[in-house]
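K.L.:
Structure: run_29.tsv, TSV, C-alpha atoms and all ligand atoms.
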```
chain	number	residue	atom	x	y	z
A	1	MET	CA	-33.10	-31.13	-39.67
A	2	THR	CA	-35.91	-30.80	-37.11
A	3	GLN	CA	-37.99	-33.69	-35.85
A	4	ALA	CA	-41.22	-34.32	-37.74
A	5	ASP	CA	-44.47	-33.19	-36.06
A	6	ASP	CA	-47.62	-35.30	-35.72
A	7	HIS	CA	-49.24	-33.63	-38.72
A	8	THR	CA	-46.29	-34.57	-40.97
A	9	ILE	CA	-46.27	-38.13	-39.64
A	10	ASN	CA	-50.03	-38.51	-40.20
A	11	GLU	CA	-49.65	-37.21	-43.75
A	12	LEU	CA	-46.85	-39.71	-44.39
A	13	LYS	CA	-48.98	-42.53	-43.01
A	14	GLU	CA	-51.76	-41.63	-45.44
A	15	LYS	CA	-49.26	-41.50	-48.31
A	16	LEU	CA	-47.82	-44.86	-47.28
A	17	ILE	CA	-51.26	-46.50	-47.54
A	18	ILE	CA	-51.82	-44.84	-50.94
A	19	ALA	CA	-48.39	-46.03	-52.15
A	20	ASN	CA	-49.19	-49.58	-50.99
A	21	GLY	CA	-52.48	-49.38	-52.89
A	22	ILE	CA	-50.89	-48.04	-56.08
A	23	LEU	CA	-48.11	-50.64	-56.15
A	24	ASP	CA	-50.66	-53.38	-55.50
A	25	MET	CA	-53.02	-52.04	-58.19
A	26	GLU	CA	-50.15	-51.95	-60.68
A	27	ASP	CA	-49.22	-55.55	-59.87
A	28	LEU	CA	-45.79	-54.71	-58.52
A	29	ILE	CA	-46.09	-55.99	-54.95
A	30	ARG	CA	-48.96	-58.37	-54.58
A	31	PRO	CA	-49.19	-60.24	-52.31
A	32	GLN	CA	-45.52	-59.79	-51.36
A	33	GLY	CA	-43.32	-56.72	-51.42
A	34	HIS	CA	-43.32	-53.56	-49.32
A	35	ILE	CA	-42.68	-49.84	-49.24
A	36	SER	CA	-41.51	-47.63	-46.37
A	37	VAL	CA	-40.98	-43.95	-45.69
A	38	ARG	CA	-38.51	-42.26	-43.34
A	39	ILE	CA	-39.83	-40.04	-40.56
A	40	PRO	CA	-38.02	-36.87	-41.65
A	41	GLY	CA	-34.94	-35.95	-39.68
A	42	THR	CA	-34.78	-39.29	-37.83
A	43	ASP	CA	-33.32	-42.77	-38.10
A	44	THR	CA	-36.82	-44.23	-37.94
A	45	PHE	CA	-39.25	-45.16	-40.69
A	46	LEU	CA	-42.87	-46.18	-41.26
A	47	ILE	CA	-43.80	-49.51	-42.85
A	48	THR	CA	-46.83	-51.80	-42.49
A	49	ARG	CA	-46.86	-55.05	-40.54
A	50	ALA	CA	-46.34	-58.17	-42.67
A	51	ILE	CA	-49.59	-57.99	-44.63
A	52	ALA	CA	-50.38	-58.04	-48.37
A	53	PRO	CA	-49.78	-54.34	-49.21
A	54	GLY	CA	-53.13	-53.89	-50.98
A	55	MET	CA	-54.97	-54.82	-47.77
A	56	ALA	CA	-53.03	-52.49	-45.46
A	57	THR	CA	-54.71	-49.69	-43.50
A	58	ILE	CA	-53.34	-46.93	-41.25
A	59	ASP	CA	-53.73	-49.26	-38.24
A	60	ASP	CA	-51.23	-51.69	-39.82
A	61	ILE	CA	-48.41	-49.13	-39.84
A	62	VAL	CA	-45.52	-49.59	-37.42
A	63	VAL	CA	-42.46	-47.46	-36.68
A	64	VAL	CA	-39.08	-49.15	-37.16
A	65	ASN	CA	-35.66	-48.09	-35.87
A	66	ALA	CA	-33.33	-48.01	-38.90
A	67	LEU	CA	-30.32	-48.71	-36.68
A	68	ASP	CA	-31.43	-52.24	-35.68
A	69	ALA	CA	-34.51	-52.88	-37.89
A	70	LYS	CA	-36.69	-53.42	-34.78
A	71	VAL	CA	-40.31	-52.24	-34.46
A	72	ILE	CA	-40.46	-49.52	-31.81
A	73	SER	CA	-44.13	-48.51	-31.92
A	74	GLY	CA	-47.50	-49.28	-33.48
A	75	LYS	CA	-50.28	-51.79	-32.82
A	76	TYR	CA	-48.09	-54.68	-34.00
A	77	THR	CA	-44.70	-55.82	-32.82
A	78	SER	CA	-43.21	-57.14	-36.05
A	79	THR	CA	-43.08	-56.48	-39.77
A	80	TYR	CA	-41.71	-58.05	-42.96
A	81	GLY	CA	-38.62	-60.26	-42.70
A	82	GLU	CA	-36.91	-58.16	-45.38
A	83	VAL	CA	-37.27	-54.99	-43.29
A	84	LEU	CA	-33.52	-55.17	-42.67
A	85	ALA	CA	-32.89	-54.19	-46.30
A	86	HIS	CA	-34.91	-51.00	-45.79
A	87	ALA	CA	-33.05	-50.30	-42.54
A	88	ALA	CA	-29.64	-50.91	-44.14
A	89	ILE	CA	-30.40	-48.37	-46.87
A	90	TYR	CA	-31.72	-45.72	-44.44
A	91	GLN	CA	-28.63	-46.26	-42.28
A	92	LYS	CA	-26.22	-45.86	-45.16
A	93	ARG	CA	-27.96	-43.13	-47.12
A	94	LYS	CA	-29.24	-40.28	-44.94
A	95	ASP	CA	-30.62	-38.57	-48.06
A	96	ILE	CA	-33.01	-41.44	-48.81
A	97	GLU	CA	-36.59	-40.82	-47.67
A	98	SER	CA	-38.43	-43.85	-49.08
A	99	VAL	CA	-37.54	-47.46	-49.94
A	100	ALA	CA	-39.52	-50.17	-51.74
A	101	HIS	CA	-38.96	-53.84	-52.44
A	102	THR	CA	-40.82	-55.16	-55.48
A	103	HIS	CA	-41.19	-58.52	-57.20
A	104	SER	CA	-42.64	-57.20	-60.45
A	105	PHE	CA	-42.80	-59.67	-63.33
A	106	TYR	CA	-40.54	-58.17	-66.02
A	107	VAL	CA	-37.93	-57.08	-63.50
A	108	ARG	CA	-37.84	-60.71	-62.37
A	109	VAL	CA	-37.52	-61.88	-65.97
A	110	LEU	CA	-34.41	-59.73	-66.36
A	111	SER	CA	-33.11	-60.85	-62.97
A	112	ILE	CA	-33.04	-64.52	-64.02
A	113	THR	CA	-30.62	-63.60	-66.81
A	114	ASP	CA	-27.37	-61.72	-66.45
A	115	THR	CA	-28.71	-58.96	-68.71
A	116	PRO	CA	-28.35	-55.52	-67.14
A	117	LEU	CA	-30.83	-52.73	-67.72
A	118	LEU	CA	-29.82	-50.91	-70.89
A	119	PRO	CA	-30.36	-47.34	-72.09
A	120	VAL	CA	-33.03	-48.25	-74.62
A	121	SER	CA	-36.18	-46.48	-73.40
A	122	PHE	CA	-37.45	-43.21	-71.95
A	123	GLU	CA	-38.70	-45.14	-68.95
A	124	ILE	CA	-35.27	-46.46	-67.99
A	125	MET	CA	-33.78	-42.97	-68.37
A	126	LYS	CA	-36.36	-41.78	-65.83
A	127	VAL	CA	-35.04	-44.44	-63.45
A	128	SER	CA	-31.36	-43.71	-64.05
A	129	TYR	CA	-29.36	-41.44	-66.32
A	130	GLU	CA	-26.77	-44.24	-66.42
A	131	PRO	CA	-28.75	-47.47	-66.45
A	132	GLU	CA	-25.68	-49.61	-67.12
A	133	LYS	CA	-24.49	-48.60	-63.62
A	134	ILE	CA	-27.57	-49.94	-61.81
A	135	GLY	CA	-26.37	-52.46	-59.23
A	136	PHE	CA	-27.18	-56.16	-59.65
A	137	TYR	CA	-26.97	-58.41	-56.58
A	138	LYS	CA	-26.03	-61.78	-58.04
A	139	GLU	CA	-26.55	-64.11	-55.09
A	140	ILE	CA	-29.91	-65.54	-54.06
A	141	TRP	CA	-30.40	-63.22	-51.16
A	142	HIS	CA	-32.81	-65.30	-49.05
A	143	LEU	CA	-30.29	-68.06	-48.59
A	144	SER	CA	-28.66	-68.29	-45.20
A	145	ASN	CA	-25.12	-68.22	-46.62
A	146	VAL	CA	-25.65	-64.58	-47.67
A	147	TYR	CA	-28.61	-63.28	-45.61
A	148	PRO	CA	-28.73	-60.99	-43.58
A	149	GLN	CA	-25.39	-59.61	-44.85
A	150	ALA	CA	-27.10	-59.41	-48.27
A	151	CYS	CA	-29.15	-56.43	-47.03
A	152	PHE	CA	-25.98	-54.44	-46.28
A	153	ASP	CA	-24.38	-55.54	-49.56
A	154	VAL	CA	-27.45	-54.34	-51.46
A	155	ALA	CA	-27.32	-50.98	-49.65
A	156	GLU	CA	-23.68	-50.75	-50.76
A	157	LEU	CA	-24.55	-51.71	-54.36
A	158	LEU	CA	-27.16	-48.96	-54.49
A	159	GLY	CA	-24.38	-46.38	-54.63
A	160	GLU	CA	-25.79	-43.07	-55.87
A	161	ASN	CA	-28.46	-44.87	-57.86
A	162	ARG	CA	-32.14	-45.45	-57.15
A	163	VAL	CA	-32.32	-49.17	-57.87
A	164	VAL	CA	-30.60	-52.50	-57.26
A	165	LEU	CA	-31.71	-55.66	-59.09
A	166	LEU	CA	-31.79	-58.88	-57.08
A	167	LYS	CA	-31.03	-62.17	-58.79
A	168	ALA	CA	-34.15	-64.26	-59.52
A	169	HIS	CA	-36.12	-62.08	-57.14
A	170	GLY	CA	-36.92	-58.44	-57.94
A	171	ALA	CA	-35.55	-55.04	-56.97
A	172	MET	CA	-34.86	-52.60	-54.16
A	173	ILE	CA	-35.79	-49.00	-54.95
A	174	ALA	CA	-34.67	-46.03	-52.85
A	175	THR	CA	-35.32	-42.34	-53.53
A	176	LYS	CA	-35.85	-38.89	-52.02
A	177	SER	CA	-39.65	-39.20	-51.55
A	178	ILE	CA	-42.45	-41.74	-51.35
A	179	GLU	CA	-43.98	-40.31	-54.52
A	180	GLU	CA	-40.68	-40.78	-56.36
A	181	THR	CA	-40.13	-44.32	-55.06
A	182	THR	CA	-43.63	-45.30	-56.19
A	183	ALA	CA	-43.13	-43.80	-59.66
A	184	VAL	CA	-39.62	-45.25	-60.06
A	185	ALA	CA	-40.96	-48.72	-59.20
A	186	MET	CA	-43.51	-48.34	-62.01
A	187	ASN	CA	-41.01	-46.89	-64.50
A	188	LEU	CA	-38.56	-49.69	-63.69
A	189	GLU	CA	-41.16	-52.38	-64.45
A	190	GLU	CA	-42.20	-50.58	-67.66
A	191	ALA	CA	-38.55	-50.26	-68.73
A	192	ALA	CA	-37.88	-53.95	-68.05
A	193	LYS	CA	-41.02	-54.91	-69.99
A	194	LEU	CA	-39.97	-52.80	-72.99
A	195	GLN	CA	-36.44	-54.19	-72.93
A	196	VAL	CA	-37.49	-57.84	-72.58
A	197	THR	CA	-40.18	-57.52	-75.25
A	198	ALA	CA	-37.98	-55.66	-77.73
A	199	ALA	CA	-35.07	-58.08	-77.21
A	200	SER	CA	-37.36	-60.99	-78.11
A	201	LEU	CA	-38.01	-59.41	-81.53
A	202	LYS	CA	-34.68	-57.96	-82.69
A	203	PRO	CA	-31.30	-56.98	-81.23
A	204	LEU	CA	-31.71	-53.92	-79.02
A	205	VAL	CA	-30.60	-50.50	-80.23
A	206	PRO	CA	-29.28	-48.61	-77.18
A	207	PHE	CA	-29.25	-44.81	-77.15
A	208	THR	CA	-25.99	-43.27	-78.30
A	209	GLU	CA	-23.95	-41.20	-75.82
A	210	LYS	CA	-25.24	-38.07	-77.57
A	211	GLU	CA	-28.86	-39.20	-77.31
A	212	LYS	CA	-28.36	-40.07	-73.64
A	213	ALA	CA	-26.98	-36.61	-72.93
A	214	GLN	CA	-29.90	-35.01	-74.78
A	215	LEU	CA	-32.41	-37.10	-72.84
A	216	VAL	CA	-30.79	-36.18	-69.53
A	217	SER	CA	-31.02	-32.48	-70.33
A	218	PHE	CA	-34.67	-32.97	-71.26
A	219	LEU	CA	-35.62	-35.08	-68.22
A	220	LYS	CA	-33.62	-33.31	-65.51
A	221	PRO	CA	-35.60	-30.04	-65.49
A	222	LEU	CA	-38.85	-32.05	-65.51
A	223	GLU	CA	-37.69	-33.89	-62.40
A	224	GLU	CA	-36.63	-30.73	-60.66
A	225	ARG	CA	-39.93	-28.89	-61.11
A	226	GLY	CA	-41.42	-30.41	-57.96
A	227	GLY	CA	-45.06	-31.01	-57.10
A	228	THR	CA	-47.50	-32.26	-59.70
A	229	ALA	CA	-45.47	-30.56	-62.45
A	230	SER	CA	-42.60	-32.99	-61.86
A	231	VAL	CA	-42.35	-36.36	-63.58
A	232	TYR	CA	-42.91	-38.17	-60.30
A	233	GLY	CA	-45.51	-35.78	-58.91
A	234	ARG	CA	-47.70	-36.13	-61.97
A	235	ALA	CA	-47.46	-39.93	-61.91
A	236	TRP	CA	-48.32	-39.92	-58.18
A	237	GLU	CA	-51.42	-37.73	-58.68
A	238	TYR	CA	-52.59	-39.83	-61.62
A	239	TYR	CA	-52.22	-43.21	-59.93
A	240	LYS	CA	-53.73	-41.87	-56.70
A	241	PHE	CA	-56.75	-40.82	-58.78
A	242	GLU	CA	-56.92	-44.25	-60.45
A	243	LEU	CA	-56.70	-45.92	-57.04
A	244	SER	CA	-59.57	-43.81	-55.65
A	245	LYS	CA	-61.70	-44.73	-58.70
A	246	LYS	CA	-60.97	-48.41	-58.11
A	247	GLN	CA	-61.77	-48.10	-54.40
A	248	SER	CA	-65.05	-46.24	-54.98
A	249	ALA	CA	-66.09	-48.84	-57.58
A	250	SER	CA	-65.47	-51.65	-55.08
A	251	ASP	CA	-67.45	-49.74	-52.38
A	252	ARG	CA	-70.57	-49.71	-54.58
A	301	ZN	ZN	-38.53	-60.25	-51.69
```
For the file at hand, write its structure as structure tokens.

P.N.:
Amino acid sequence: MTQADDHTINELKEKLIIANGILDMEDLIRPQGHISVRIPGTDTFLITRAIAPGMATIDDIVVVNALDAKVISGKYTSTYGEVLAHAAIYQKRKDIESVAHTHSFYVRVLSITDTPLLPVSFEIMKVSYEPEKIGFYKEIWHLSNVYPQACFDVAELLGENRVVLLKAHGAMIATKSIEETTAVAMNLEEAAKLQVTAASLKPLVPFTEKEKAQLVSFLKPLEERGGTASVYGRAWEYYKFELSKKQSASDR
């Protein structure tokens, strides 16, 4: 892989600010939480300084070395304390291009129970074709008896999946693009909301193995289309549009 040029990095910076805005607008990371994006072909990534994501601008972006989680350039010299979890995932998974840490409400509801995510909705199948295999970190990761090792354990728990749940806290999300990470964060929250709400009414009815297989063969080609025709591309374009409407309304 070749090193990214300035044009690519500037494009990624713009996308990073849009992703921060979308996740803030959708109530997934305000005022805490964060998203990052790898500089392609390197062990470095872009993230904002420790600021509420919805307030971040291009000037708040710093470059972090994934090998030691230290800021190496930008106008600021530090970033979020949980940056190590991003770094640990980029270190372990060279195919991951974007990582987010969210504290969204319904994901947190699930994370204070020992209930795993179940194959009960379209939304969860968009997050994982095998939701029962989504990792669940069952220690309180901020506590000094497990942190910072918790970041490496979570990277391990990620396996080939896109998500790890964190006990009484939220989730780490890691995918192949910033658009995908943003959309998976939203699908994950929607899936958790559906599961929690449905479970409060009646026992859940998970998809059968046959239904799961059918859904995978339906969803897989949609994911592989790329661009705005893909599941994630379309979500990205839509929420980017919604964000620009919100921003132009607040400029008036
Ligand atoms: Zn957190």

K.L.:
Counting all atoms listed in the file, which of A:Arg38, A:Lys220, A:His169, A:Arg49 gets nearest to Thr77 of chain A?

P.N.:
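So, comparing all the options, the nearest one is A:Arg49.
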
K.L.:
For Phe207 of chain A, which residue among A:Val37, A:Leu118, A:Ile18, A:Ala56 is the nearest when counting all atoms listed in the file?

P.N.:
A:Leu118

K.L.:
If you take only C-alpha atoms and all ligand atoms and a cut-off of 12 Å, which residues of chain A touch ligand ZN 301 (chain A), and what are their nearest atom pairs and distances in Å to one decimal, in chain and number order, as a Markdown table?

P.N.:
```
| residue | atom | partner | partner_atom | distance |
| --- | --- | --- | --- | --- |
| A:Leu28 | CA | A:ZN301 | ZN | 11.4 |
| A:Ile29 | CA | A:ZN301 | ZN | 9.3 |
| A:Arg30 | CA | A:ZN301 | ZN | 11.0 |
| A:Pro31 | CA | A:ZN301 | ZN | 10.7 |
| A:Gln32 | CA | A:ZN301 | ZN | 7.0 |
| A:Gly33 | CA | A:ZN301 | ZN | 6.0 |
| A:His34 | CA | A:ZN301 | ZN | 8.6 |
| A:Ile35 | CA | A:ZN301 | ZN | 11.5 |
| A:Tyr80 | CA | A:ZN301 | ZN | 9.5 |
| A:Gly81 | CA | A:ZN301 | ZN | 9.0 |
| A:Glu82 | CA | A:ZN301 | ZN | 6.8 |
| A:Val83 | CA | A:ZN301 | ZN | 10.0 |
| A:Leu84 | CA | A:ZN301 | ZN | 11.5 |
| A:Ala85 | CA | A:ZN301 | ZN | 9.9 |
| A:His86 | CA | A:ZN301 | ZN | 11.6 |
| A:Ala100 | CA | A:ZN301 | ZN | 10.1 |
| A:His101 | CA | A:ZN301 | ZN | 6.5 |
| A:Thr102 | CA | A:ZN301 | ZN | 6.7 |
| A:His103 | CA | A:ZN301 | ZN | 6.4 |
| A:Ser104 | CA | A:ZN301 | ZN | 10.1 |
| A:Arg108 | CA | A:ZN301 | ZN | 10.7 |
| A:Ile140 | CA | A:ZN301 | ZN | 10.4 |
| A:Trp141 | CA | A:ZN301 | ZN | 8.7 |
| A:His142 | CA | A:ZN301 | ZN | 8.1 |
| A:Leu143 | CA | A:ZN301 | ZN | 11.8 |
| A:Ala150 | CA | A:ZN301 | ZN | 12.0 |
| A:Cys151 | CA | A:ZN301 | ZN | 11.1 |
| A:Leu165 | CA | A:ZN301 | ZN | 11.1 |
| A:Leu166 | CA | A:ZN301 | ZN | 8.7 |
| A:Lys167 | CA | A:ZN301 | ZN | 10.5 |
| A:Ala168 | CA | A:ZN301 | ZN | 9.8 |
| A:His169 | CA | A:ZN301 | ZN | 6.2 |
| A:Gly170 | CA | A:ZN301 | ZN | 6.7 |
| A:Ala171 | CA | A:ZN301 | ZN | 8.0 |
| A:Met172 | CA | A:ZN301 | ZN | 8.8 |
```

K.L.:
The residues within 10 Å of (-55.2, -50.2, -37.4), using all atoms listed in the file and the coordinates of the file, should be reported as a count of residues only; which are they?

P.N.:
11

K.L.:
The residues within 9 Å of (-35.8, -52.0, -37.6), using all atoms listed in the file and the coordinates of the file, should be reported as a CSV table (one decimal) with C-alpha atoms, in the coordinates of the input; which are they?

P.N.:
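Written output follows (point.csv):
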```csv
chain,number,residue,atom,x,y,z
A,44,THR,CA,-36.8,-44.2,-37.9
A,45,PHE,CA,-39.2,-45.2,-40.7
A,63,VAL,CA,-42.5,-47.5,-36.7
A,64,VAL,CA,-39.1,-49.2,-37.2
A,65,ASN,CA,-35.7,-48.1,-35.9
A,66,ALA,CA,-33.3,-48.0,-38.9
A,67,LEU,CA,-30.3,-48.7,-36.7
A,68,ASP,CA,-31.4,-52.2,-35.7
A,69,ALA,CA,-34.5,-52.9,-37.9
A,70,LYS,CA,-36.7,-53.4,-34.8
A,71,VAL,CA,-40.3,-52.2,-34.5
A,72,ILE,CA,-40.5,-49.5,-31.8
A,79,THR,CA,-43.1,-56.5,-39.8
A,83,VAL,CA,-37.3,-55.0,-43.3
A,84,LEU,CA,-33.5,-55.2,-42.7
A,86,HIS,CA,-34.9,-51.0,-45.8
A,87,ALA,CA,-33.0,-50.3,-42.5
```

K.L.:
Here is a test: counting all atoms listed in the file, which residue of A:Leu194, A:Ala174, A:Leu243, A:Ile9 is nearest to Val99 of chain A?

P.N.:
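Of A:Leu194, A:Ala174, A:Leu243, A:Ile9, the one nearest Val99 of chain A is A:Ala174, counting all atoms listed in the file.
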
K.L.:
Which of these residues is nearest to Met125 of chain A, using only C-alpha atoms: A:Glu139, A:Glu223, A:Asp251, A:Glu237?

P.N.:
A:Glu223

K.L.:
Calculated over all atoms listed in the file, which of the candidates A:Leu157, A:Thr42, A:Ile47, A:Glu130 has the smallest distance to Glu209 of chain A?

P.N.:
A:Glu130
